[in-house]
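Reviewing the structure listed below.
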Amino acid sequence: QKEVEQNSGPLSVPEGAIASLNCTYSDRGSQSFFWYRQYSGKSPELIMSIYSNGDKEDGRFTAQLNKASQYVSLLIRDSQPSDSATYLCAVPGDTGFQKLVFGTGTRLLVSP
Amino acid sequence: KAGVTQTPRYLIKTRGQQVTLSCSPISGHRSVSWYQQTPGQGLQFLFEYFSETQRNKGNFPGRFSGRQFSNSRSEMNVSTLELGDSALYLCASSYGPGDNSPLHFGNGTRLTVT
């Protein structure tokens with residue numbers, strides 16, 4: 001049974017700072033990792049996917065993958081109050097991408 | 001391309017009743033996956049349908065069931081509702097097995113059981 005662990009937070013950062021969100025996973029064979037953002041009362045929205053070791057940048061977001069240590073991180077640069085949300089880490093389950101295993105999410109609060 | 005559409009957006013039901021939720025996938029997608037999200041358990045996989053057949057099933061009781069139609073639209077049904085079934089039910093679609101694209105979710109159906 002694959003597992004994904006996240007600190008539930010809340011993680012509080014001031015506006016303009018870098019927010020660092022972390023996720024660890026149990027299955028060393030996992031190859032793909034996803035970060036979803038979920039605003040209160042809304043559905044999860046995919047913001048980043050990463051498949052290989054190292055960094056992947058997309059605008060203010062950077063995903064970092066370290067397979068040896070089995071963790072994946074999401075950095076948000078120049079954090080804005082609109083980034084306040086819950087961030088969910090997910091990996092595909094044992095039968096493919098349609099069955100995702102999610103962490104419990106980290107709540108991020110960005111204060112003006 | 002239109003996204004995944006779920007109806008209704010909100011539902012209020014009483015314990016013991018049953019409920020049916022609907023999901024229309026992105027055009028061309030043949031796989032539909034359902035998830036339940038609760039504050040206590042987080043996001044959990046319910047089941048996946050592909051070509052009108054259940055392909056995967058999560059660890060939920062038999063009260064939770066689903067089906068898929070020939071046009072790939074899917075419904076899920078929960079019978080004998082319990083208070084603990086109150087949750088956000090999310091649907092996502094994909095082309096099917098072998099499609100390694102990340103899942104995109106519909107807006108969800110918020111079910112409240114009283």
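Going through the structure tokens in order, the chains are called A, B, and so on, while each chain numbers its residues from 1 and the ligands are numbered from 1 in the order shown.
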
Dump as a list in words the residues of chain A that approach chain B to within 9 Å, counting only C-alpha atoms.
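Listing them in order of chain and number gives Phe34, Gly41, Lys42, Ser43, Pro44, Glu45, Leu46, Ser49, Thr95, Gly96, Phe97, Gln98, Lys99, Leu100, Val101, Phe102, Gly103, Thr104 and Gly105 of chain A.
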
Write the selection just made, keeping N, CA, C and O atoms, as a compact mmCIF listing (two decimals), in the first residue's frame?
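Wrote it out as again.txt, contents follow:
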# COMPACT_ATOMS: atom_id res chain seq x y z
N PHE A 34 2.78 14.53 -8.17
CA PHE A 34 1.93 15.65 -8.53
C PHE A 34 1.66 16.52 -7.32
O PHE A 34 1.51 16.03 -6.20
N GLY A 41 -13.37 24.74 -0.07
CA GLY A 41 -14.65 24.54 -0.72
C GLY A 41 -14.57 24.26 -2.22
O GLY A 41 -15.60 24.11 -2.87
N LYS A 42 -13.36 24.20 -2.74
CA LYS A 42 -13.18 23.96 -4.18
C LYS A 42 -12.53 22.60 -4.42
O LYS A 42 -12.11 21.93 -3.49
N SER A 43 -12.46 22.22 -5.68
CA SER A 43 -11.82 20.94 -6.02
C SER A 43 -10.32 21.14 -6.22
O SER A 43 -9.86 22.27 -6.48
N PRO A 44 -9.54 20.09 -6.12
CA PRO A 44 -8.08 20.20 -6.32
C PRO A 44 -7.75 20.58 -7.75
O PRO A 44 -8.36 20.09 -8.70
N GLU A 45 -6.74 21.42 -7.88
CA GLU A 45 -6.27 21.90 -9.18
C GLU A 45 -4.80 21.53 -9.34
O GLU A 45 -3.97 21.85 -8.48
N LEU A 46 -4.47 20.86 -10.41
CA LEU A 46 -3.08 20.46 -10.64
C LEU A 46 -2.21 21.69 -10.90
O LEU A 46 -2.54 22.52 -11.74
N SER A 49 3.71 18.82 -11.95
CA SER A 49 4.01 17.40 -12.00
C SER A 49 5.50 17.25 -12.21
O SER A 49 6.13 18.10 -12.87
N THR A 95 -2.07 0.66 -9.74
CA THR A 95 -2.67 0.29 -11.02
C THR A 95 -2.65 1.44 -12.02
O THR A 95 -3.30 1.35 -13.06
N GLY A 96 -1.92 2.50 -11.71
CA GLY A 96 -1.79 3.53 -12.72
C GLY A 96 -2.22 4.90 -12.27
O GLY A 96 -2.56 5.13 -11.11
N PHE A 97 -2.21 5.81 -13.24
CA PHE A 97 -2.43 7.22 -12.95
C PHE A 97 -3.86 7.55 -12.58
O PHE A 97 -4.15 8.63 -12.06
N GLN A 98 -4.78 6.63 -12.89
CA GLN A 98 -6.18 6.93 -12.61
C GLN A 98 -6.48 6.74 -11.12
O GLN A 98 -7.51 7.23 -10.63
N LYS A 99 -5.61 6.03 -10.43
CA LYS A 99 -5.81 5.76 -9.00
C LYS A 99 -4.68 6.45 -8.24
O LYS A 99 -3.61 5.88 -8.05
N LEU A 100 -4.91 7.69 -7.85
CA LEU A 100 -3.90 8.46 -7.17
C LEU A 100 -3.98 8.23 -5.66
O LEU A 100 -5.06 8.06 -5.10
N VAL A 101 -2.80 8.26 -5.04
CA VAL A 101 -2.71 8.20 -3.58
C VAL A 101 -2.29 9.60 -3.13
O VAL A 101 -1.24 10.11 -3.56
N PHE A 102 -3.10 10.19 -2.28
CA PHE A 102 -2.87 11.57 -1.84
C PHE A 102 -2.35 11.62 -0.41
O PHE A 102 -2.71 10.79 0.43
N GLY A 103 -1.53 12.63 -0.16
CA GLY A 103 -1.22 12.98 1.21
C GLY A 103 -2.40 13.76 1.79
O GLY A 103 -3.35 14.11 1.06
N THR A 104 -2.33 14.03 3.07
CA THR A 104 -3.44 14.74 3.72
C THR A 104 -3.42 16.23 3.45
O THR A 104 -4.38 16.92 3.78
N GLY A 105 -2.32 16.72 2.86
CA GLY A 105 -2.27 18.12 2.49
C GLY A 105 -1.64 19.00 3.55
O GLY A 105 -1.72 18.72 4.75

Can you pull out the residues contacting Ala85 (chain A)? Cut-off 7 Å, using only C-alpha atoms, and skip same-chain residues under 4 positions away; I want them as a list in words.
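Near neighbours after the sequence-gap exclusion: Arg37, Gln38, Tyr39, Ser40, Arg107, Leu108 and Leu109 of chain A.
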
Write the selection just made, keeping N, CA and C atoms, as a PDB file, in the first residue's frame?
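Result went into part.pdb, see below:
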ATOM      1  N   ARG A  37      -3.303  22.110  -5.768  1.00  0.00           N
ATOM      2  CA  ARG A  37      -3.698  23.204  -4.872  1.00  0.00           C
ATOM      3  C   ARG A  37      -5.208  23.140  -4.718  1.00  0.00           C
ATOM      4  N   GLN A  38      -5.667  23.283  -3.487  1.00  0.00           N
ATOM      5  CA  GLN A  38      -7.099  23.242  -3.239  1.00  0.00           C
ATOM      6  C   GLN A  38      -7.494  24.400  -2.343  1.00  0.00           C
ATOM      7  N   TYR A  39      -8.294  25.284  -2.898  1.00  0.00           N
ATOM      8  CA  TYR A  39      -8.874  26.359  -2.114  1.00  0.00           C
ATOM      9  C   TYR A  39     -10.063  25.804  -1.344  1.00  0.00           C
ATOM     10  N   SER A  40     -10.352  26.452  -0.233  1.00  0.00           N
ATOM     11  CA  SER A  40     -11.432  26.001   0.634  1.00  0.00           C
ATOM     12  C   SER A  40     -12.752  25.899  -0.130  1.00  0.00           C
ATOM     13  N   ARG A 107      -1.671  22.978   4.782  1.00  0.00           N
ATOM     14  CA  ARG A 107      -2.379  24.258   4.661  1.00  0.00           C
ATOM     15  C   ARG A 107      -1.359  25.384   4.725  1.00  0.00           C
ATOM     16  N   LEU A 108      -1.378  26.212   3.697  1.00  0.00           N
ATOM     17  CA  LEU A 108      -0.477  27.359   3.613  1.00  0.00           C
ATOM     18  C   LEU A 108      -1.254  28.647   3.848  1.00  0.00           C
ATOM     19  N   LEU A 109      -0.728  29.485   4.733  1.00  0.00           N
ATOM     20  CA  LEU A 109      -1.328  30.802   4.989  1.00  0.00           C
ATOM     21  C   LEU A 109      -0.288  31.860   4.675  1.00  0.00           C
TER      22      LEU A 109
END

Could you write out, as a PyMOL selection string, all the residues of chain A that DSSP marks as strand (DSSP E)?
chain A and resi 4-5+11-14+19-25+33-38+45-50+54-58+61-66+71-76+85-93+96-102+106-111

Long-range neighbours of Asp78 (chain A) as a list in words, 6 Å cut-off, only C-alpha atoms, 6 positions minimum in chain
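After dropping sequence-adjacent residues, the list is Gly16, Ala17 and Ile18 of chain A.
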
Between CA of Pro61 (chain B) and CA of Leu88 (chain A), what distance in Å does the model show, to one decimal?
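Interatomic distance, CA of Pro61 (chain B) to CA of Leu88 (chain A): 25.2 Å.
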
With only C-alpha atoms as the atoms that count, which of B:Ile26, B:Ala2, B:Ile12, B:Val19 lies nearest to Arg73 (chain B)?
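Of B:Ile26, B:Ala2, B:Ile12, B:Val19, the one nearest Arg73 (chain B) is B:Ile26, counting only C-alpha atoms.
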
Could you please determine the separation between CA of Lys13 (chain B) and CA of Pro25 (chain B) in Å, to one decimal place?
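CA of Pro25 (chain B) lies 25.1 Å from CA of Lys13 (chain B).
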
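Counting only C-alpha atoms and comparing A:Ser30, A:Thr106, A:Ser52, A:Asn22, the residue that lies closest to Tyr71 (chain A) is A:Asn22.
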
For CA of Gly84 (chain B) and CA of Thr38 (chain B), the interatomic separation in Å (one decimal):
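About the pair CA of Gly84 (chain B) and CA of Thr38 (chain B): they are 8.8 Å apart.
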